[in-house]
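Colleague: Mind looking over this structure? Questions follow.
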Amino acid sequence: MKFNRIVMSILFYCLFVQCTAQINAYQYHSQKKVSGIKAAVVSAHPLASKVGVQILKSGGNAVDAAIATQLALAVVYPGAGNIGGGGFMVAHLTTGKNITLDYREAAPEKASRDMYLDANGNPQMQLSQDGHLASGVPGTIAGVFAALKYAKLPFKQLIQPAIELAEKGFAITEHEASDLNELKKEFLQINSSPVVFVKDAEWKKGDTLIQKELAGTLKRIRDLGAKDFYEGETAKLIVAEMQKGKGIISMDDLKNYRVKERKAIEFNYKNCHIITMPLPSSGGIIMQQVLKMIEQKNIGGMGFQSAASVQLLTEAERRAYADRAQYMGDADFVKVPVKTLVSDQYIAERMKDYTPGKAGSSETTKAGAIKESEETTHLSVLDKDGNAVSITTTLNGGYGSRAVVAGAGFLLNNEMDDFSVKPGVPNMYGAVGAEANAIAPGKRMLSSMTPTIVLKNNQPFMVVGTPGGTTIPTSVIQTIVNIVDFGMSAEDAVNKPKFHHQWLPDEIYAEDDFSDATMEALQAMGYKVIKRGQIGRTELILITGGAKKLIVAVGDKRGDDDAEGY
């Protein structure tokens, strides 16, 4: 037995060396585009993308690569990559099977509808956003293991690169150095034990971040599986941290957490078939509503970011986000009229009062009558056989609750803020909600994450997604419209300026490089347009060329995002 264990250890070490031989964790750069390839991985960090591609080269499929990339992001991209948060996976397999995994965080059993209100009924938003009480029960590790049945390689091989990156360290980017310096005070205030994200001197680009405690946690998960995280030593460390910081996640909460495999939202837009995430993601419904609202209006003929095309999308978004606020929540807990919200009759009725050239108003446009810092992260994967995986995961805000589990080395989410803390009161992304998204034990908070796969002629055409809170659906929609309607290249579809409207506040947000002329034309119609910083960080794989397949993978210019392929 001992001999067999030694042989297995040597085998896995050799597999790891083979997988990571070409990855230098201390000297690397972000590659924004790769094309003419068999397979690709695009993610928020170069090291994570490189890990994913090496897994593909080692014989893994798209699900293998997605698992390994996701685990690597938990190490090299701690602002949003995680094992202390949750997410959604959408996959299309060459067998024709479409998969959606919901490993969104859930409210603990001790959670209650008014838990963040003071004695006078006023919301205490700092409690839903900062520290231990803000955390929902994490789902990421359960999600990874739920995806494993669609993978090919041993889990130990998939997690080993993340272990090595945590144990031996990696050189942080300029963005990461800036974030860690900015959050130093919060890390010190929220955590009673020392955390690796804080040091006496200022962090700078190229500094090495070593996470020994996280490496230990990943090793336990490697050796003992998800049971360690939800019932074993790691679970005990989570509960101990909760008790220390007045959080409410219990051992029973962790033990009872389950991933839910749901039925994908599928619909046609022009000559494309779109596969995306259902509730508790609002993103899929919003995307279907918006694209159906604009489908018959010839947006392509209006021109990219003309006043007319921006107005059309804005008014469609206004109506979809009004419906989000009123009706959407965890469909396992509340009845959501999904079939009506996406029906042709309802969509036509919603757009009856749309007037080209005249600004709508969120005071008069409410939800239809029925008889989500923006630190999420996304990864897109396509393998040589045509399997496609789109995953969006999150801690919610940047570095989540900023609470680190002592002894386990990972950050906890602040996802409870995605519930309606009080109906009508906006969360950190300005989104308002109603009773449908009120807090209840075991309930999953409404999300905006929109991992998406687009097929053409029953073959993958786009694998796409982005972080960005409530801007996620609108960014994914614009990327699709940029390609399908405006005929853009993959690079332009990702990098051209984005804009956003979400019903309330009644404002169009536009990136700094958005056209001034279009902005002035919209203002003349009666819109309030506000320039802001970056919107999202889209990860796109575009497959064109029919039999002469051409793959182009693009990482967004807005961050350290990276595209790798072979």
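Just remember, in the structure tokens the first chain shown is A, the second B, etc., residues are 1-based per chain, and ligands are 1-based in the order shown.
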Excluding Leu313 of chain A and residues on its chain fewer than 2 positions from it, collect all residues at most 10 Å away from it, counting only C-alpha atoms, and give them as a PDB file with C-alpha atoms, in the first residue's frame.
Modeller:
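Wrote it out as selection_1.pdb, contents follow:
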ATOM      1  CA  VAL A 290     -33.720  42.917 -24.278  1.00  0.00           C
ATOM      2  CA  LEU A 291     -32.727  40.999 -27.406  1.00  0.00           C
ATOM      3  CA  MET A 293     -37.321  43.839 -27.677  1.00  0.00           C
ATOM      4  CA  ILE A 294     -34.769  44.988 -30.257  1.00  0.00           C
ATOM      5  CA  ILE A 299     -30.466  47.993 -34.822  1.00  0.00           C
ATOM      6  CA  GLN A 305     -23.447  53.575 -30.772  1.00  0.00           C
ATOM      7  CA  ALA A 308     -30.716  55.781 -32.189  1.00  0.00           C
ATOM      8  CA  SER A 309     -29.118  52.399 -31.370  1.00  0.00           C
ATOM      9  CA  VAL A 310     -28.090  53.468 -27.858  1.00  0.00           C
ATOM     10  CA  GLN A 311     -31.591  54.789 -27.195  1.00  0.00           C
ATOM     11  CA  GLU A 315     -35.258  51.666 -23.401  1.00  0.00           C
ATOM     12  CA  ALA A 316     -35.194  47.861 -23.655  1.00  0.00           C
ATOM     13  CA  GLU A 317     -32.874  47.730 -20.632  1.00  0.00           C
ATOM     14  CA  ARG A 318     -35.105  50.125 -18.686  1.00  0.00           C
ATOM     15  CA  THR A 474     -25.918  44.733 -20.665  1.00  0.00           C
ATOM     16  CA  ILE A 477     -25.816  41.852 -24.740  1.00  0.00           C
ATOM     17  CA  GLN A 478     -23.684  44.602 -26.308  1.00  0.00           C
ATOM     18  CA  PHE A 499     -22.790  51.813 -21.730  1.00  0.00           C
ATOM     19  CA  HIS A 500     -25.443  50.768 -19.223  1.00  0.00           C
ATOM     20  CA  HIS A 501     -28.956  51.558 -17.996  1.00  0.00           C
TER      21      HIS A 501
END
Colleague: At a cut-off of 7 Å, using only C-alpha atoms, what residues contact segment 273-284 of chain A? Leave out same-chain residues fewer than 5 positions from it and give the result as a list of chain:residue names.
Modeller: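 That gives A:Val90, A:Thr100, A:Ala264, A:Ile265, A:Glu266, A:Phe267, A:Asn268, A:Arg324, A:Met328, A:Gly329, A:Asp330, A:Ala331, A:Arg444, A:Met445, A:Leu446, A:Ser447, A:Ser448, A:Met449, A:Thr450, A:Pro451, A:Thr452, A:Ile453, A:Val454, A:Leu455, A:Lys456, A:Pro473.
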Colleague: DSSP says strand (DSSP E) for which residues of segment 353-495 of chain A? Put them as a VMD selection string?
Modeller: chain A and resid 376 to 382 388 to 394 452 to 456 459 to 465
Colleague: Would you output that residue set with N, CA and C atoms, as a compact mmCIF listing (two decimals), in the first residue's frame?
Modeller:
# COMPACT_ATOMS: atom_id res chain seq x y z
N THR A 376 -16.62 40.58 -9.83
CA THR A 376 -16.92 39.21 -10.20
C THR A 376 -15.80 38.82 -11.16
N THR A 377 -15.71 37.56 -11.55
CA THR A 377 -14.74 37.21 -12.58
C THR A 377 -15.33 36.15 -13.50
N HIS A 378 -14.88 36.15 -14.74
CA HIS A 378 -15.43 35.24 -15.74
C HIS A 378 -14.31 34.52 -16.47
N LEU A 379 -14.61 33.28 -16.89
CA LEU A 379 -13.68 32.55 -17.75
C LEU A 379 -14.46 31.84 -18.85
N SER A 380 -13.88 31.82 -20.03
CA SER A 380 -14.46 31.16 -21.20
C SER A 380 -13.47 30.12 -21.72
N VAL A 381 -13.98 28.92 -22.06
CA VAL A 381 -13.11 27.83 -22.52
C VAL A 381 -13.73 27.14 -23.72
N LEU A 382 -12.90 26.81 -24.69
CA LEU A 382 -13.30 25.97 -25.82
C LEU A 382 -12.20 24.95 -26.04
N ALA A 388 -17.69 23.58 -25.00
CA ALA A 388 -17.57 24.98 -24.59
C ALA A 388 -18.07 25.14 -23.16
N VAL A 389 -17.33 25.95 -22.36
CA VAL A 389 -17.72 26.20 -20.97
C VAL A 389 -17.61 27.70 -20.70
N SER A 390 -18.63 28.24 -20.07
CA SER A 390 -18.67 29.65 -19.68
C SER A 390 -19.01 29.70 -18.19
N ILE A 391 -18.09 30.26 -17.39
CA ILE A 391 -18.27 30.29 -15.93
C ILE A 391 -18.08 31.71 -15.41
N THR A 392 -19.02 32.15 -14.59
CA THR A 392 -18.87 33.41 -13.87
C THR A 392 -18.96 33.12 -12.38
N THR A 393 -17.96 33.57 -11.63
CA THR A 393 -17.97 33.39 -10.18
C THR A 393 -17.74 34.72 -9.49
N THR A 394 -18.01 34.75 -8.19
CA THR A 394 -17.96 36.05 -7.52
C THR A 394 -17.77 35.92 -6.02
N THR A 452 -22.59 32.76 -20.86
CA THR A 452 -23.40 32.54 -22.06
C THR A 452 -22.61 31.83 -23.15
N ILE A 453 -23.30 30.94 -23.85
CA ILE A 453 -22.75 30.29 -25.04
C ILE A 453 -23.73 30.54 -26.18
N VAL A 454 -23.20 30.97 -27.32
CA VAL A 454 -24.02 31.23 -28.51
C VAL A 454 -23.66 30.20 -29.58
N LEU A 455 -24.68 29.53 -30.10
CA LEU A 455 -24.47 28.55 -31.17
C LEU A 455 -24.92 29.13 -32.50
N LYS A 456 -24.30 28.66 -33.56
CA LYS A 456 -24.75 28.95 -34.92
C LYS A 456 -24.63 27.65 -35.69
N GLN A 459 -23.37 24.66 -33.73
CA GLN A 459 -21.97 24.62 -33.31
C GLN A 459 -21.64 25.87 -32.50
N PRO A 460 -20.69 25.77 -31.54
CA PRO A 460 -20.32 26.97 -30.77
C PRO A 460 -19.87 28.12 -31.68
N PHE A 461 -20.42 29.29 -31.43
CA PHE A 461 -20.10 30.51 -32.18
C PHE A 461 -19.44 31.54 -31.26
N MET A 462 -19.96 31.65 -30.04
CA MET A 462 -19.36 32.53 -29.03
C MET A 462 -19.41 31.86 -27.66
N VAL A 463 -18.35 32.05 -26.90
CA VAL A 463 -18.34 31.74 -25.47
C VAL A 463 -18.01 33.05 -24.79
N VAL A 464 -18.92 33.55 -23.94
CA VAL A 464 -18.78 34.93 -23.50
C VAL A 464 -19.32 35.14 -22.09
N GLY A 465 -18.79 36.13 -21.42
CA GLY A 465 -19.26 36.54 -20.10
C GLY A 465 -18.38 37.66 -19.59
Colleague: Restricting the calculation to only C-alpha atoms: of A:Val63, A:Ala171, A:Ile285, A:Leu117, which residue gets closest to His45 of chain A?
Modeller: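 Answer, going by the shortest atom-to-atom distance: A:Ala171.
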Colleague: Report the closest atom pair, with its distance in Å rounded to one decimal, for each residue of segment 428-529 of chain A that has an atom no farther than 9 Å from segment 342-360 of chain A; count only C-alpha atoms, sort by chain and then rising residue number, and write it as a Markdown table.
Modeller:
| residue | atom | partner | partner_atom | distance |
| --- | --- | --- | --- | --- |
| A:Leu522 | CA | A:Ala359 | CA | 7.9 |
| A:Gln523 | CA | A:Ala359 | CA | 8.7 |
| A:Ala524 | CA | A:Lys358 | CA | 8.9 |
| A:Met525 | CA | A:Lys358 | CA | 5.1 |
| A:Gly526 | CA | A:Ala359 | CA | 5.1 |
| A:Tyr527 | CA | A:Ala359 | CA | 5.6 |
Colleague: At a cut-off of 10 Å, using only C-alpha atoms, what residues contact Lys496 of chain A? Leave out same-chain residues fewer than 2 positions from it and give the result as a ChimeraX atom specification.
Modeller: /A:304-305,478-479,482,488,491-494,498,511,513-514,556-557
Colleague: Using N, CA and C atoms, can you write the selected residues to a file as a PDB file, in the first residue's frame?
Modeller:
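Final file, result.pdb:
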ATOM      1  N   PHE A 304     -23.388  51.461 -35.042  1.00  0.00           N
ATOM      2  CA  PHE A 304     -22.839  51.223 -33.704  1.00  0.00           C
ATOM      3  C   PHE A 304     -22.805  52.517 -32.896  1.00  0.00           C
ATOM      4  N   GLN A 305     -23.404  52.468 -31.725  1.00  0.00           N
ATOM      5  CA  GLN A 305     -23.447  53.575 -30.772  1.00  0.00           C
ATOM      6  C   GLN A 305     -23.840  54.908 -31.402  1.00  0.00           C
ATOM      7  N   GLN A 478     -24.381  43.735 -25.349  1.00  0.00           N
ATOM      8  CA  GLN A 478     -23.684  44.602 -26.308  1.00  0.00           C
ATOM      9  C   GLN A 478     -22.618  43.841 -27.081  1.00  0.00           C
ATOM     10  N   THR A 479     -21.921  42.924 -26.431  1.00  0.00           N
ATOM     11  CA  THR A 479     -20.901  42.130 -27.121  1.00  0.00           C
ATOM     12  C   THR A 479     -21.536  41.286 -28.218  1.00  0.00           C
ATOM     13  N   ASN A 482     -22.787  43.606 -30.971  1.00  0.00           N
ATOM     14  CA  ASN A 482     -21.639  44.125 -31.717  1.00  0.00           C
ATOM     15  C   ASN A 482     -21.208  43.177 -32.837  1.00  0.00           C
ATOM     16  N   MET A 488     -18.817  43.357 -36.041  1.00  0.00           N
ATOM     17  CA  MET A 488     -17.484  43.689 -35.512  1.00  0.00           C
ATOM     18  C   MET A 488     -16.581  42.464 -35.397  1.00  0.00           C
ATOM     19  N   GLU A 491     -12.159  41.446 -31.272  1.00  0.00           N
ATOM     20  CA  GLU A 491     -11.401  42.436 -30.505  1.00  0.00           C
ATOM     21  C   GLU A 491     -12.213  43.713 -30.285  1.00  0.00           C
ATOM     22  N   ASP A 492     -12.826  44.213 -31.344  1.00  0.00           N
ATOM     23  CA  ASP A 492     -13.629  45.433 -31.227  1.00  0.00           C
ATOM     24  C   ASP A 492     -14.886  45.197 -30.385  1.00  0.00           C
ATOM     25  N   ALA A 493     -15.497  44.028 -30.556  1.00  0.00           N
ATOM     26  CA  ALA A 493     -16.716  43.721 -29.804  1.00  0.00           C
ATOM     27  C   ALA A 493     -16.471  43.777 -28.305  1.00  0.00           C
ATOM     28  N   VAL A 494     -15.264  43.373 -27.886  1.00  0.00           N
ATOM     29  CA  VAL A 494     -14.900  43.392 -26.465  1.00  0.00           C
ATOM     30  C   VAL A 494     -14.453  44.784 -26.014  1.00  0.00           C
ATOM     31  N   LYS A 498     -18.495  50.645 -23.724  1.00  0.00           N
ATOM     32  CA  LYS A 498     -19.772  50.091 -23.292  1.00  0.00           C
ATOM     33  C   LYS A 498     -20.585  51.174 -22.576  1.00  0.00           C
ATOM     34  N   GLU A 511     -18.816  54.658 -20.619  1.00  0.00           N
ATOM     35  CA  GLU A 511     -17.382  54.667 -20.355  1.00  0.00           C
ATOM     36  C   GLU A 511     -16.759  55.968 -20.859  1.00  0.00           C
ATOM     37  N   ASP A 513     -14.475  56.662 -22.906  1.00  0.00           N
ATOM     38  CA  ASP A 513     -14.192  56.823 -24.333  1.00  0.00           C
ATOM     39  C   ASP A 513     -15.457  56.720 -25.196  1.00  0.00           C
ATOM     40  N   PHE A 514     -16.614  56.763 -24.576  1.00  0.00           N
ATOM     41  CA  PHE A 514     -17.888  56.789 -25.292  1.00  0.00           C
ATOM     42  C   PHE A 514     -17.993  58.080 -26.107  1.00  0.00           C
ATOM     43  N   ASP A 556     -10.170  41.166 -22.268  1.00  0.00           N
ATOM     44  CA  ASP A 556     -10.533  42.580 -22.251  1.00  0.00           C
ATOM     45  C   ASP A 556      -9.327  43.475 -21.957  1.00  0.00           C
ATOM     46  N   LYS A 557      -9.288  44.617 -22.644  1.00  0.00           N
ATOM     47  CA  LYS A 557      -8.220  45.603 -22.439  1.00  0.00           C
ATOM     48  C   LYS A 557      -8.316  46.255 -21.063  1.00  0.00           C
TER      49      LYS A 557
END
Colleague: So that I can check the surroundings of Asn396 of chain A, please list as a CSV table (one decimal) with C-alpha atoms, in the first residue's frame every protein, DNA and RNA residue that reaches within 10 Å of it, counting only C-alpha atoms and ignoring chain neighbours fewer than 3 positions away.
Modeller:
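Listing of selection-v4.csv after writing:
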chain,number,residue,atom,x,y,z
A,79,GLY,CA,-10.2,40.0,-5.5
A,80,ALA,CA,-12.8,37.9,-7.2
A,85,GLY,CA,-17.9,32.6,-2.9
A,86,GLY,CA,-20.1,31.0,-5.6
A,129,GLN,CA,-21.3,44.5,2.8
A,135,SER,CA,-21.4,36.2,3.9
A,372,GLU,CA,-25.8,42.9,-9.2
A,373,SER,CA,-16.9,47.6,-6.8
A,374,GLU,CA,-18.1,45.1,-9.5
A,375,GLU,CA,-15.6,42.3,-8.6
A,376,THR,CA,-16.9,39.2,-10.2
A,377,THR,CA,-14.7,37.2,-12.6
A,393,THR,CA,-18.0,33.4,-10.2
A,399,TYR,CA,-12.2,41.0,-2.1
A,400,GLY,CA,-15.7,40.1,-0.8
A,401,SER,CA,-16.4,40.8,2.8
A,412,LEU,CA,-15.4,35.1,2.4
A,413,ASN,CA,-18.0,36.6,0.2
A,414,ASN,CA,-20.3,39.6,1.0
A,415,GLU,CA,-23.1,38.1,-1.2
A,416,MET,CA,-25.9,38.8,1.3
A,417,ASP,CA,-26.0,42.4,-0.1
A,418,ASP,CA,-27.4,40.9,-3.3
A,428,MET,CA,-24.0,48.4,-3.6
A,429,TYR,CA,-24.7,48.3,-7.3
A,447,SER,CA,-27.6,37.6,-9.3
A,467,PRO,CA,-17.9,40.7,-14.3
A,468,GLY,CA,-19.5,44.0,-13.5
A,469,GLY,CA,-22.5,43.6,-11.0
Colleague: Which one of A:Val334, A:Asn120, A:Met242, A:Leu254 sits closest to Ser192 of chain A if you count only C-alpha atoms?
Modeller: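 Nearest candidate to Ser192 of chain A out of A:Val334, A:Asn120, A:Met242, A:Leu254: A:Met242.
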Colleague: Find the residue from A:Asn271, A:Ser49, A:Asn298, A:Ser58 that sits nearest to Gln70 of chain A; use only C-alpha atoms when measuring.
Modeller: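 Among the listed residues, the smallest separation from Gln70 of chain A belongs to A:Ser49.
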Colleague: May I have the residues within 10 Å of Gln126 of chain A as JSON, numbers by chain, using only C-alpha atoms and disregarding those fewer than 4 positions away in the same chain?
Modeller: {"A": [116, 130, 131, 133, 134, 417, 428]}
Colleague: Please produce a file of the residues just selected, as a PDB file, in the first residue's frame, where the atoms kept are N, CA, C and O atoms.
Modeller:
ATOM      1  N   TYR A 116     -30.712  43.066   8.602  1.00  0.00           N
ATOM      2  CA  TYR A 116     -29.811  44.220   8.454  1.00  0.00           C
ATOM      3  C   TYR A 116     -30.509  45.550   8.739  1.00  0.00           C
ATOM      4  O   TYR A 116     -29.999  46.613   8.389  1.00  0.00           O
ATOM      5  N   ASP A 130     -19.796  44.524   4.686  1.00  0.00           N
ATOM      6  CA  ASP A 130     -18.467  44.451   5.313  1.00  0.00           C
ATOM      7  C   ASP A 130     -18.457  43.411   6.437  1.00  0.00           C
ATOM      8  O   ASP A 130     -19.317  43.444   7.318  1.00  0.00           O
ATOM      9  N   GLY A 131     -17.473  42.516   6.394  1.00  0.00           N
ATOM     10  CA  GLY A 131     -17.285  41.600   7.511  1.00  0.00           C
ATOM     11  C   GLY A 131     -18.139  40.344   7.443  1.00  0.00           C
ATOM     12  O   GLY A 131     -18.851  40.065   6.473  1.00  0.00           O
ATOM     13  N   LEU A 133     -20.870  38.961   8.873  1.00  0.00           N
ATOM     14  CA  LEU A 133     -22.322  38.831   8.759  1.00  0.00           C
ATOM     15  C   LEU A 133     -22.806  38.987   7.313  1.00  0.00           C
ATOM     16  O   LEU A 133     -23.924  38.626   6.986  1.00  0.00           O
ATOM     17  N   ALA A 134     -21.938  39.520   6.450  1.00  0.00           N
ATOM     18  CA  ALA A 134     -22.307  39.751   5.044  1.00  0.00           C
ATOM     19  C   ALA A 134     -22.201  38.489   4.187  1.00  0.00           C
ATOM     20  O   ALA A 134     -22.611  38.493   3.027  1.00  0.00           O
ATOM     21  N   ASP A 417     -25.544  41.037   0.428  1.00  0.00           N
ATOM     22  CA  ASP A 417     -25.967  42.352  -0.067  1.00  0.00           C
ATOM     23  C   ASP A 417     -26.744  42.258  -1.373  1.00  0.00           C
ATOM     24  O   ASP A 417     -27.408  43.214  -1.770  1.00  0.00           O
ATOM     25  N   MET A 428     -25.238  47.725  -3.250  1.00  0.00           N
ATOM     26  CA  MET A 428     -23.987  48.416  -3.602  1.00  0.00           C
ATOM     27  C   MET A 428     -23.887  48.725  -5.093  1.00  0.00           C
ATOM     28  O   MET A 428     -23.094  49.567  -5.497  1.00  0.00           O
TER      29      MET A 428
END
Colleague: Which residue gives the smallest distance to Ile67 of chain A among A:Leu542, A:Ile483, A:Val34, A:Ile141, with only C-alpha atoms counted?
Modeller: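 Checking each candidate against Ile67 of chain A, we get A:Ile141 as the closest.
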Colleague: Between A:Val53, A:Leu214, A:Ala367, A:Ala547, single out the one closest to Gly433 of chain A, counting only C-alpha atoms.
Modeller: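 With only C-alpha atoms as the atom set, the closest residue is A:Ala367.
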Colleague: Work out how far atom CA of Ala408 of chain A is from atom CA of Gly216 of chain A, in Å to one decimal.
Modeller: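 Distance reported for this atom pair: 7.1 Å.
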Colleague: When DSSP is applied to the backbone of this structure, which of segment 297-525 of chain A are assigned helix (DSSP H, G or I)? Write them out as a ChimeraX atom specification.
Modeller: /A:297,299-302,307-327,338-341,344-350,415-418,435-437,469-484,490-495,516-525
Colleague: Have a look at atom CA of Phe410 of chain A and atom CA of Asp228 of chain A and let me know their distance in Å, one decimal.
Modeller: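 The value is 14.4 Å.
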Colleague: Report as a count of residues only all protein, DNA and RNA residues lying within 9 Å of Ala62 of chain A, evaluated on only C-alpha atoms, omitting residues in the same chain fewer than 5 positions from it.
Modeller: 19
